[in-house]
Structures are given as structure tokens and as C-alpha cells.
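Pasted below: query.cif, mmCIF, N, CA and C atoms.
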data_entry
loop_
_atom_site.label_atom_id
_atom_site.label_comp_id
_atom_site.auth_asym_id
_atom_site.auth_seq_id
_atom_site.Cartn_x
_atom_site.Cartn_y
_atom_site.Cartn_z
N MET A 268 102.02 97.84 113.88
CA MET A 268 103.36 98.35 113.81
C MET A 268 103.79 98.98 115.12
N GLY A 269 102.85 99.53 115.90
CA GLY A 269 103.20 100.21 117.12
C GLY A 269 103.19 99.32 118.36
N VAL A 270 102.81 98.06 118.23
CA VAL A 270 102.72 97.16 119.37
C VAL A 270 104.01 96.30 119.44
N VAL A 271 104.66 96.36 120.58
CA VAL A 271 105.87 95.56 120.78
C VAL A 271 105.54 94.45 121.76
N THR A 272 105.71 93.22 121.31
CA THR A 272 105.46 92.07 122.17
C THR A 272 106.78 91.61 122.77
N PRO A 273 106.89 91.58 124.10
CA PRO A 273 108.16 91.17 124.71
C PRO A 273 108.46 89.69 124.46
N PHE A 274 109.71 89.42 124.21
CA PHE A 274 110.17 88.05 124.00
C PHE A 274 110.25 87.36 125.36
N PRO A 275 109.75 86.15 125.51
CA PRO A 275 109.74 85.50 126.83
C PRO A 275 111.11 84.94 127.21
N ALA A 276 112.08 85.82 127.33
CA ALA A 276 113.44 85.40 127.69
C ALA A 276 113.69 85.68 129.16
N ALA A 277 114.69 85.04 129.69
CA ALA A 277 115.07 85.26 131.08
C ALA A 277 115.72 86.62 131.22
N THR A 278 115.48 87.27 132.34
CA THR A 278 116.12 88.56 132.59
C THR A 278 117.51 88.32 133.16
N ALA A 279 118.23 89.39 133.45
CA ALA A 279 119.60 89.27 133.96
C ALA A 279 119.63 88.60 135.33
N THR A 280 118.57 88.74 136.11
CA THR A 280 118.56 88.14 137.45
C THR A 280 118.03 86.72 137.45
N GLN A 281 117.39 86.30 136.36
CA GLN A 281 116.83 84.95 136.29
C GLN A 281 117.68 84.08 135.38
N ARG A 282 117.62 82.79 135.59
CA ARG A 282 118.27 81.82 134.71
C ARG A 282 117.22 81.16 133.84
N TRP A 283 117.64 80.61 132.71
CA TRP A 283 116.74 79.77 131.94
C TRP A 283 116.39 78.58 132.80
N PRO A 284 115.15 78.20 132.86
CA PRO A 284 114.81 77.06 133.70
C PRO A 284 115.47 75.79 133.19
N GLY A 285 116.15 75.12 134.09
CA GLY A 285 116.75 73.84 133.73
C GLY A 285 118.10 73.91 133.08
N GLN A 286 118.76 75.07 133.03
CA GLN A 286 120.09 75.15 132.42
C GLN A 286 121.06 75.83 133.37
N ILE A 287 122.18 75.16 133.59
CA ILE A 287 123.24 75.70 134.44
C ILE A 287 124.30 76.31 133.53
N GLY A 288 124.86 77.44 133.93
CA GLY A 288 125.89 78.10 133.13
C GLY A 288 126.98 78.68 134.00
N PHE A 289 128.03 79.18 133.36
CA PHE A 289 129.14 79.82 134.06
C PHE A 289 128.89 81.32 134.14
N GLU A 290 129.27 81.92 135.25
CA GLU A 290 129.25 83.38 135.36
C GLU A 290 130.43 83.92 134.54
N ARG A 291 130.40 85.19 134.21
CA ARG A 291 131.45 85.80 133.40
C ARG A 291 132.82 85.68 134.06
N MET A 292 132.91 85.95 135.36
CA MET A 292 134.21 85.90 136.05
C MET A 292 134.73 84.45 136.13
N GLU A 293 133.83 83.50 136.30
CA GLU A 293 134.23 82.09 136.35
C GLU A 293 134.80 81.65 135.01
N LEU A 294 134.11 82.00 133.95
CA LEU A 294 134.56 81.61 132.62
C LEU A 294 135.86 82.33 132.26
N THR A 295 136.01 83.56 132.69
CA THR A 295 137.27 84.29 132.45
C THR A 295 138.42 83.59 133.13
N ARG A 296 138.23 83.16 134.36
CA ARG A 296 139.29 82.45 135.10
C ARG A 296 139.65 81.13 134.43
N ILE A 297 138.64 80.39 133.98
CA ILE A 297 138.87 79.10 133.33
C ILE A 297 139.57 79.29 131.98
N LEU A 298 139.11 80.26 131.19
CA LEU A 298 139.72 80.49 129.87
C LEU A 298 141.14 81.05 129.99
N ASP A 299 141.41 81.79 131.06
CA ASP A 299 142.78 82.26 131.30
C ASP A 299 143.71 81.08 131.55
N LEU A 300 143.27 80.14 132.37
CA LEU A 300 144.05 78.93 132.61
C LEU A 300 144.21 78.14 131.32
N TYR A 301 143.14 78.02 130.55
CA TYR A 301 143.20 77.29 129.28
C TYR A 301 144.23 77.93 128.34
N GLY A 302 144.24 79.24 128.24
CA GLY A 302 145.19 79.93 127.38
C GLY A 302 146.63 79.69 127.79
N ARG A 303 146.88 79.70 129.10
CA ARG A 303 148.24 79.44 129.58
C ARG A 303 148.66 78.00 129.32
N MET A 304 147.71 77.06 129.44
CA MET A 304 148.03 75.65 129.17
C MET A 304 148.27 75.42 127.67
N VAL A 305 147.55 76.13 126.81
CA VAL A 305 147.78 76.04 125.37
C VAL A 305 149.16 76.60 125.04
N ALA A 306 149.51 77.73 125.63
CA ALA A 306 150.82 78.34 125.38
C ALA A 306 151.96 77.43 125.84
N ALA A 307 151.72 76.66 126.90
CA ALA A 307 152.74 75.74 127.40
C ALA A 307 152.77 74.43 126.61
N GLY A 308 151.80 74.23 125.72
CA GLY A 308 151.77 73.04 124.88
C GLY A 308 151.06 71.84 125.49
N HIS A 309 150.33 72.03 126.59
CA HIS A 309 149.64 70.92 127.25
C HIS A 309 148.28 70.61 126.63
N TRP A 310 147.51 71.65 126.29
CA TRP A 310 146.16 71.46 125.78
C TRP A 310 146.05 72.02 124.37
N ARG A 311 145.10 71.47 123.59
CA ARG A 311 144.89 71.93 122.22
C ARG A 311 143.45 72.27 121.90
N ASP A 312 142.51 71.77 122.68
CA ASP A 312 141.10 71.97 122.35
C ASP A 312 140.29 71.99 123.63
N TYR A 313 139.07 72.53 123.56
CA TYR A 313 138.17 72.51 124.71
C TYR A 313 136.73 72.38 124.25
N ALA A 314 135.87 72.03 125.19
CA ALA A 314 134.44 71.93 124.93
C ALA A 314 133.69 72.41 126.17
N ILE A 315 132.54 73.01 125.95
CA ILE A 315 131.70 73.47 127.04
C ILE A 315 130.33 72.81 126.91
N ASP A 316 129.86 72.22 128.00
CA ASP A 316 128.55 71.57 128.03
C ASP A 316 127.72 72.26 129.11
N LEU A 317 126.62 72.88 128.72
CA LEU A 317 125.72 73.54 129.65
C LEU A 317 124.45 72.70 129.74
N GLY A 318 124.32 71.95 130.82
CA GLY A 318 123.20 71.04 130.95
C GLY A 318 122.26 71.43 132.07
N ARG A 319 121.37 70.52 132.41
CA ARG A 319 120.40 70.75 133.48
C ARG A 319 121.01 70.60 134.87
N ASP A 320 121.96 69.68 135.02
CA ASP A 320 122.55 69.41 136.32
C ASP A 320 123.88 70.12 136.53
N ALA A 321 124.63 70.33 135.44
CA ALA A 321 125.98 70.86 135.58
C ALA A 321 126.40 71.64 134.35
N ALA A 322 127.37 72.54 134.57
CA ALA A 322 128.07 73.21 133.49
C ALA A 322 129.48 72.63 133.51
N ILE A 323 129.95 72.15 132.36
CA ILE A 323 131.23 71.44 132.31
C ILE A 323 132.12 72.08 131.26
N PHE A 324 133.38 72.37 131.66
CA PHE A 324 134.42 72.82 130.75
C PHE A 324 135.41 71.66 130.64
N ALA A 325 135.60 71.12 129.45
CA ALA A 325 136.49 69.98 129.24
C ALA A 325 137.68 70.44 128.41
N ALA A 326 138.90 70.08 128.85
CA ALA A 326 140.13 70.44 128.15
C ALA A 326 140.78 69.18 127.59
N PHE A 327 141.17 69.24 126.33
CA PHE A 327 141.71 68.09 125.62
C PHE A 327 143.17 68.30 125.24
N ARG A 328 143.95 67.22 125.31
CA ARG A 328 145.31 67.25 124.78
C ARG A 328 145.27 67.23 123.25
N ARG A 329 144.43 66.37 122.70
CA ARG A 329 144.19 66.28 121.27
C ARG A 329 142.67 66.27 121.07
N ALA A 330 142.25 66.60 119.88
CA ALA A 330 140.81 66.77 119.66
C ALA A 330 140.03 65.45 119.67
N ALA A 331 140.66 64.33 119.36
CA ALA A 331 139.92 63.08 119.19
C ALA A 331 140.12 62.11 120.35
N GLU A 332 140.04 62.58 121.56
CA GLU A 332 140.17 61.69 122.72
C GLU A 332 139.32 62.21 123.87
N ARG A 333 139.38 61.50 124.97
CA ARG A 333 138.66 61.96 126.16
C ARG A 333 139.36 63.19 126.75
N PRO A 334 138.63 64.05 127.44
CA PRO A 334 139.28 65.24 128.01
C PRO A 334 140.27 64.87 129.11
N GLU A 335 141.38 65.60 129.14
CA GLU A 335 142.38 65.38 130.19
C GLU A 335 141.82 65.82 131.54
N PHE A 336 141.15 66.95 131.56
CA PHE A 336 140.51 67.46 132.77
C PHE A 336 139.13 67.99 132.43
N ARG A 337 138.21 67.86 133.39
CA ARG A 337 136.90 68.49 133.31
C ARG A 337 136.73 69.36 134.54
N ILE A 338 136.30 70.58 134.32
CA ILE A 338 135.98 71.49 135.42
C ILE A 338 134.46 71.55 135.46
N GLU A 339 133.88 71.06 136.55
CA GLU A 339 132.42 70.95 136.64
C GLU A 339 131.86 71.89 137.70
N LYS A 340 130.75 72.51 137.35
CA LYS A 340 130.01 73.36 138.29
C LYS A 340 128.65 72.71 138.48
N ARG A 341 128.40 72.23 139.70
CA ARG A 341 127.13 71.59 140.05
C ARG A 341 126.50 72.34 141.23
N PRO A 342 125.62 73.30 140.97
CA PRO A 342 125.02 74.08 142.05
C PRO A 342 124.23 73.25 143.06
N ALA A 343 123.76 72.08 142.69
CA ALA A 343 123.01 71.24 143.63
C ALA A 343 123.89 70.80 144.79
N LEU A 344 125.22 70.77 144.60
CA LEU A 344 126.14 70.37 145.66
C LEU A 344 126.72 71.56 146.43
N ARG A 345 126.17 72.75 146.20
CA ARG A 345 126.69 73.97 146.81
C ARG A 345 126.78 73.88 148.33
N ASN A 346 125.77 73.33 148.97
CA ASN A 346 125.74 73.27 150.44
C ASN A 346 126.37 72.01 151.01
N ARG A 347 126.84 71.11 150.17
CA ARG A 347 127.44 69.86 150.64
C ARG A 347 128.95 69.93 150.48
N GLN A 348 129.49 69.28 149.42
CA GLN A 348 130.93 69.23 149.23
C GLN A 348 131.47 70.47 148.54
N GLY A 349 130.63 71.23 147.92
CA GLY A 349 131.04 72.37 147.12
C GLY A 349 130.62 72.14 145.68
N MET A 350 130.31 73.21 144.98
CA MET A 350 129.76 73.04 143.64
C MET A 350 130.82 72.88 142.56
N TRP A 351 132.09 73.10 142.87
CA TRP A 351 133.16 72.98 141.88
C TRP A 351 133.88 71.65 142.04
N ALA A 352 134.23 71.03 140.90
CA ALA A 352 134.98 69.78 140.93
C ALA A 352 135.95 69.74 139.75
N LEU A 353 137.13 69.17 140.00
CA LEU A 353 138.12 68.92 138.97
C LEU A 353 138.18 67.42 138.78
N VAL A 354 137.86 66.95 137.57
CA VAL A 354 137.75 65.53 137.28
C VAL A 354 138.81 65.17 136.24
N ASN A 355 139.53 64.06 136.48
CA ASN A 355 140.58 63.67 135.53
C ASN A 355 140.01 62.83 134.38
N GLU A 356 140.91 62.34 133.53
CA GLU A 356 140.51 61.61 132.33
C GLU A 356 139.77 60.31 132.65
N ALA A 357 140.13 59.67 133.77
CA ALA A 357 139.50 58.41 134.16
C ALA A 357 138.15 58.62 134.85
N GLY A 358 137.81 59.86 135.16
CA GLY A 358 136.54 60.13 135.81
C GLY A 358 136.64 60.29 137.32
N ALA A 359 137.85 60.23 137.87
CA ALA A 359 138.05 60.40 139.31
C ALA A 359 138.07 61.88 139.67
N VAL A 360 137.42 62.23 140.77
CA VAL A 360 137.41 63.61 141.23
C VAL A 360 138.73 63.89 141.94
N LEU A 361 139.52 64.83 141.38
CA LEU A 361 140.82 65.18 141.95
C LEU A 361 140.68 66.19 143.07
N LYS A 362 139.76 67.15 142.89
CA LYS A 362 139.59 68.21 143.87
C LYS A 362 138.16 68.69 143.81
N ARG A 363 137.61 69.00 144.97
CA ARG A 363 136.25 69.52 145.05
C ARG A 363 136.26 70.66 146.06
N GLY A 364 135.47 71.69 145.80
CA GLY A 364 135.45 72.80 146.73
C GLY A 364 134.33 73.79 146.46
N HIS A 365 134.26 74.77 147.35
CA HIS A 365 133.22 75.80 147.27
C HIS A 365 133.63 76.96 146.37
N GLU A 366 134.95 77.12 146.13
CA GLU A 366 135.45 78.21 145.30
C GLU A 366 136.26 77.65 144.14
N LEU A 367 136.31 78.38 143.04
CA LEU A 367 136.96 77.92 141.82
C LEU A 367 138.48 77.91 141.94
N GLY A 368 139.07 78.92 142.56
CA GLY A 368 140.53 79.05 142.64
C GLY A 368 141.24 77.83 143.20
N PRO A 369 140.90 77.38 144.40
CA PRO A 369 141.56 76.20 144.95
C PRO A 369 141.32 74.91 144.15
N VAL A 370 140.20 74.83 143.45
CA VAL A 370 139.92 73.64 142.64
C VAL A 370 140.84 73.61 141.42
N LEU A 371 141.18 74.78 140.88
CA LEU A 371 142.07 74.85 139.72
C LEU A 371 143.55 74.73 140.09
N ALA A 372 143.89 74.79 141.37
CA ALA A 372 145.29 74.79 141.81
C ALA A 372 146.11 73.60 141.30
N PRO A 373 145.60 72.35 141.31
CA PRO A 373 146.43 71.25 140.80
C PRO A 373 146.81 71.40 139.32
N VAL A 374 145.95 72.00 138.53
CA VAL A 374 146.27 72.21 137.12
C VAL A 374 147.27 73.34 136.97
N GLU A 375 147.09 74.41 137.75
CA GLU A 375 148.01 75.55 137.69
C GLU A 375 149.41 75.16 138.16
N ARG A 376 149.49 74.18 139.05
CA ARG A 376 150.79 73.71 139.52
C ARG A 376 151.63 73.12 138.40
N ARG A 377 150.96 72.56 137.39
CA ARG A 377 151.67 71.99 136.25
C ARG A 377 152.42 73.05 135.44
N LEU A 378 151.99 74.31 135.57
CA LEU A 378 152.63 75.39 134.81
C LEU A 378 153.90 75.90 135.48
N LEU A 379 154.07 75.60 136.76
CA LEU A 379 155.25 76.06 137.46
C LEU A 379 156.48 75.28 136.99
N LYS A 380 157.56 75.99 136.75
CA LYS A 380 158.79 75.35 136.32
C LYS A 380 159.91 75.76 137.27
N LEU A 381 160.81 74.85 137.52
CA LEU A 381 161.95 75.12 138.38
C LEU A 381 162.93 75.99 137.61
N VAL A 382 163.31 77.11 138.20
CA VAL A 382 164.26 78.03 137.56
C VAL A 382 165.62 77.82 138.20
N GLU A 383 166.62 77.52 137.36
CA GLU A 383 167.97 77.32 137.88
C GLU A 383 168.60 78.65 138.20
N SER A 384 169.42 78.67 139.25
CA SER A 384 170.09 79.93 139.61
C SER A 384 171.51 79.98 139.11
#
Show how you would write the structure in this file as C-alpha cells.
Amino acid sequence: MGVVTPFPAATATQRWPGQIGFERMELTRILDLYGRMVAAGHWRDYAIDLGRDAAIFAAFRRAAERPEFRIEKRPALRNRQGMWALVNEAGAVLKRGHELGPVLAPVERRLLKLVES
């Protein structure tokens, strides 16, 4: 009763071996964009895939189709093209970069509306 056996889990500074994930601030930024796109009527559903090579956030117009956009984080490409990528429905990379903000810019541009004076 007095012996506590530690659970072999990853600490805050370590990752689970073989699994890529989003940091809290990254996921907050992505979910903020998702919420604004839902409010504008563009997106209705999302999915998150945390794999060995990449963490992927996919946004859907309707639940039963391919995602309209995928936001991918691939740390293996950190020193090359950048670990962030915005991929469209056809699988073409629209934007790639080292930081999340500029990669999300093409999607955020869709939210801008012309205001008449």
C-alpha cells in the first residue's frame, strides 16, 4: 500500500516516442481560425491525426468528403522548407513555411470582406 510505482509516461519536456503533436499555442491558433470559418459558414467539421511523421488538422466543408484544407506539421522538414504546410483538397501544397501564421494567411484571407462606404 505504501509503494508507489511511477507510470512510464513522457514528462513535460519529452515527447512520446514516434508521435508528433501540436503545441498548445499552435492548436489555439488553428482552432481560432476554425471557429471563425465555421461562423462564416465555410467549414462544418474537422479531424486531427497525430502520427509518427506529422500532425495534421483537416477542415471539412461537409462531414462526408475529403478535407478542404489540411494544416500539416512535419518537424522532419524544420531545417529545409519549413515544418508547416497548407494542403488543398487535391493534395497540392499551397503554402509552406517555418511559422504557422504566414502559412494560415491564404485561409484567413477568405474571411476578409469588402465593406462598402
With only N, CA and C atoms as the basis for distance, which of A:Ala343, A:Leu361, A:Ala325, A:Ile338 is at the shortest distance from A:Pro373? A:Leu361
Calculate how many Å separate atom N of A:Ala357 from atom C of A:Tyr313, rounding to one decimal. 16.2 Å
Selection near A:Arg319, 8 Å with all atoms listed in the file, sequence-local residues under 6 positions removed, as an mmCIF file with N, CA and C atoms, keeping the file's coordinate frame:
data_model
loop_
_atom_site.group_PDB
_atom_site.id
_atom_site.type_symbol
_atom_site.label_atom_id
_atom_site.label_comp_id
_atom_site.auth_asym_id
_atom_site.auth_seq_id
_atom_site.Cartn_x
_atom_site.Cartn_y
_atom_site.Cartn_z
ATOM 1 N N PRO A 284 115.150 78.200 132.860
ATOM 2 C CA PRO A 284 114.810 77.060 133.700
ATOM 3 C C PRO A 284 115.470 75.790 133.190
ATOM 4 N N GLY A 285 116.150 75.120 134.090
ATOM 5 C CA GLY A 285 116.750 73.840 133.730
ATOM 6 C C GLY A 285 118.100 73.910 133.080
ATOM 7 N N GLN A 286 118.760 75.070 133.030
ATOM 8 C CA GLN A 286 120.090 75.150 132.420
ATOM 9 C C GLN A 286 121.060 75.830 133.370
ATOM 10 N N ILE A 287 122.180 75.160 133.590
ATOM 11 C CA ILE A 287 123.240 75.700 134.440
ATOM 12 C C ILE A 287 124.300 76.310 133.530
ATOM 13 N N GLY A 288 124.860 77.440 133.930
ATOM 14 C CA GLY A 288 125.890 78.100 133.130
ATOM 15 C C GLY A 288 126.980 78.680 134.000
#
Any chance you could resolve the PyMOL selection byres ((chain A and resi 321) around 6.5) against this file and give the residues as a ChimeraX atom specification? /A:287-288,316-320,322-323,339-342
Those same residues, written as a compact mmCIF listing (two decimals), in the coordinates of the input with N, CA and C atoms?
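Done, and the output landed in result_1.txt:
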# COMPACT_ATOMS: atom_id res chain seq x y z
N ILE A 287 122.18 75.16 133.59
CA ILE A 287 123.24 75.70 134.44
C ILE A 287 124.30 76.31 133.53
N GLY A 288 124.86 77.44 133.93
CA GLY A 288 125.89 78.10 133.13
C GLY A 288 126.98 78.68 134.00
N ASP A 316 129.86 72.22 128.00
CA ASP A 316 128.55 71.57 128.03
C ASP A 316 127.72 72.26 129.11
N LEU A 317 126.62 72.88 128.72
CA LEU A 317 125.72 73.54 129.65
C LEU A 317 124.45 72.70 129.74
N GLY A 318 124.32 71.95 130.82
CA GLY A 318 123.20 71.04 130.95
C GLY A 318 122.26 71.43 132.07
N ARG A 319 121.37 70.52 132.41
CA ARG A 319 120.40 70.75 133.48
C ARG A 319 121.01 70.60 134.87
N ASP A 320 121.96 69.68 135.02
CA ASP A 320 122.55 69.41 136.32
C ASP A 320 123.88 70.12 136.53
N ALA A 322 127.37 72.54 134.57
CA ALA A 322 128.07 73.21 133.49
C ALA A 322 129.48 72.63 133.51
N ILE A 323 129.95 72.15 132.36
CA ILE A 323 131.23 71.44 132.31
C ILE A 323 132.12 72.08 131.26
N GLU A 339 133.88 71.06 136.55
CA GLU A 339 132.42 70.95 136.64
C GLU A 339 131.86 71.89 137.70
N LYS A 340 130.75 72.51 137.35
CA LYS A 340 130.01 73.36 138.29
C LYS A 340 128.65 72.71 138.48
N ARG A 341 128.40 72.23 139.70
CA ARG A 341 127.13 71.59 140.05
C ARG A 341 126.50 72.34 141.23
N PRO A 342 125.62 73.30 140.97
CA PRO A 342 125.02 74.08 142.05
C PRO A 342 124.23 73.25 143.06
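For stretch 284-354 of chain A, backbone-based DSSP assignment of helix (DSSP H, G or I) covers A:Arg291, A:Met292, A:Glu293, A:Leu294, A:Thr295, A:Arg296, A:Ile297, A:Leu298, A:Asp299, A:Leu300, A:Tyr301, A:Gly302, A:Arg303, A:Met304, A:Val305, A:Ala306, A:Pro342, A:Ala343, A:Leu344.
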Please write the residues from the selection above to a file, keeping N, CA and C atoms, as a PDB file, keeping the file's coordinate frame.
ATOM      1  N   ARG A 291     130.400  85.190 134.210  1.00  0.00           N
ATOM      2  CA  ARG A 291     131.450  85.800 133.400  1.00  0.00           C
ATOM      3  C   ARG A 291     132.820  85.680 134.060  1.00  0.00           C
ATOM      4  N   MET A 292     132.910  85.950 135.360  1.00  0.00           N
ATOM      5  CA  MET A 292     134.210  85.900 136.050  1.00  0.00           C
ATOM      6  C   MET A 292     134.730  84.450 136.130  1.00  0.00           C
ATOM      7  N   GLU A 293     133.830  83.500 136.300  1.00  0.00           N
ATOM      8  CA  GLU A 293     134.230  82.090 136.350  1.00  0.00           C
ATOM      9  C   GLU A 293     134.800  81.650 135.010  1.00  0.00           C
ATOM     10  N   LEU A 294     134.110  82.000 133.950  1.00  0.00           N
ATOM     11  CA  LEU A 294     134.560  81.610 132.620  1.00  0.00           C
ATOM     12  C   LEU A 294     135.860  82.330 132.260  1.00  0.00           C
ATOM     13  N   THR A 295     136.010  83.560 132.690  1.00  0.00           N
ATOM     14  CA  THR A 295     137.270  84.290 132.450  1.00  0.00           C
ATOM     15  C   THR A 295     138.420  83.590 133.130  1.00  0.00           C
ATOM     16  N   ARG A 296     138.230  83.160 134.360  1.00  0.00           N
ATOM     17  CA  ARG A 296     139.290  82.450 135.100  1.00  0.00           C
ATOM     18  C   ARG A 296     139.650  81.130 134.430  1.00  0.00           C
ATOM     19  N   ILE A 297     138.640  80.390 133.980  1.00  0.00           N
ATOM     20  CA  ILE A 297     138.870  79.100 133.330  1.00  0.00           C
ATOM     21  C   ILE A 297     139.570  79.290 131.980  1.00  0.00           C
ATOM     22  N   LEU A 298     139.110  80.260 131.190  1.00  0.00           N
ATOM     23  CA  LEU A 298     139.720  80.490 129.870  1.00  0.00           C
ATOM     24  C   LEU A 298     141.140  81.050 129.990  1.00  0.00           C
ATOM     25  N   ASP A 299     141.410  81.790 131.060  1.00  0.00           N
ATOM     26  CA  ASP A 299     142.780  82.260 131.300  1.00  0.00           C
ATOM     27  C   ASP A 299     143.710  81.080 131.550  1.00  0.00           C
ATOM     28  N   LEU A 300     143.270  80.140 132.370  1.00  0.00           N
ATOM     29  CA  LEU A 300     144.050  78.930 132.610  1.00  0.00           C
ATOM     30  C   LEU A 300     144.210  78.140 131.320  1.00  0.00           C
ATOM     31  N   TYR A 301     143.140  78.020 130.550  1.00  0.00           N
ATOM     32  CA  TYR A 301     143.200  77.290 129.280  1.00  0.00           C
ATOM     33  C   TYR A 301     144.230  77.930 128.340  1.00  0.00           C
ATOM     34  N   GLY A 302     144.240  79.240 128.240  1.00  0.00           N
ATOM     35  CA  GLY A 302     145.190  79.930 127.380  1.00  0.00           C
ATOM     36  C   GLY A 302     146.630  79.690 127.790  1.00  0.00           C
ATOM     37  N   ARG A 303     146.880  79.700 129.100  1.00  0.00           N
ATOM     38  CA  ARG A 303     148.240  79.440 129.580  1.00  0.00           C
ATOM     39  C   ARG A 303     148.660  78.000 129.320  1.00  0.00           C
ATOM     40  N   MET A 304     147.710  77.060 129.440  1.00  0.00           N
ATOM     41  CA  MET A 304     148.030  75.650 129.170  1.00  0.00           C
ATOM     42  C   MET A 304     148.270  75.420 127.670  1.00  0.00           C
ATOM     43  N   VAL A 305     147.550  76.130 126.810  1.00  0.00           N
ATOM     44  CA  VAL A 305     147.780  76.040 125.370  1.00  0.00           C
ATOM     45  C   VAL A 305     149.160  76.600 125.040  1.00  0.00           C
ATOM     46  N   ALA A 306     149.510  77.730 125.630  1.00  0.00           N
ATOM     47  CA  ALA A 306     150.820  78.340 125.380  1.00  0.00           C
ATOM     48  C   ALA A 306     151.960  77.430 125.840  1.00  0.00           C
ATOM     49  N   PRO A 342     125.620  73.300 140.970  1.00  0.00           N
ATOM     50  CA  PRO A 342     125.020  74.080 142.050  1.00  0.00           C
ATOM     51  C   PRO A 342     124.230  73.250 143.060  1.00  0.00           C
ATOM     52  N   ALA A 343     123.760  72.080 142.690  1.00  0.00           N
ATOM     53  CA  ALA A 343     123.010  71.240 143.630  1.00  0.00           C
ATOM     54  C   ALA A 343     123.890  70.800 144.790  1.00  0.00           C
ATOM     55  N   LEU A 344     125.220  70.770 144.600  1.00  0.00           N
ATOM     56  CA  LEU A 344     126.140  70.370 145.660  1.00  0.00           C
ATOM     57  C   LEU A 344     126.720  71.560 146.430  1.00  0.00           C
TER      58      LEU A 344
END
Go through stretch 280-362 of chain A and collect every residue that DSSP, computed from the backbone, puts in strand (DSSP E or B); the answer should be as a PyMOL selection string. chain A and resi 312-317+322-327+336-340+351-355+360-362
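If you look at atom N of A:Met304 and atom N of A:Gln348, they are 28.1 Å away from each other.
The gap separating atom C of A:Arg377 from atom N of A:Gly308 is 9.8 Å, in Å to one decimal.
Using only C-alpha atoms, the nearest neighbour of A:Gly358 within the list A:His309, A:Arg337, A:Arg291, A:Arg345 is A:Arg337.
Nearest-residue note for A:Arg328: choosing from A:Arg363, A:Trp310, A:Leu371, A:Ile315, the minimum distance belongs to A:Trp310, counting all atoms listed in the file.
Nearest to A:Ala359 of all the residues A:Gly269, A:Phe336, A:Thr295, A:Asn346 is A:Phe336, based on only C-alpha atoms.
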Would you please work out which residue, of A:Ala307, A:Leu379, A:Ala352, A:Tyr301, is nearest to A:Leu367 when using only C-alpha atoms? A:Ala352
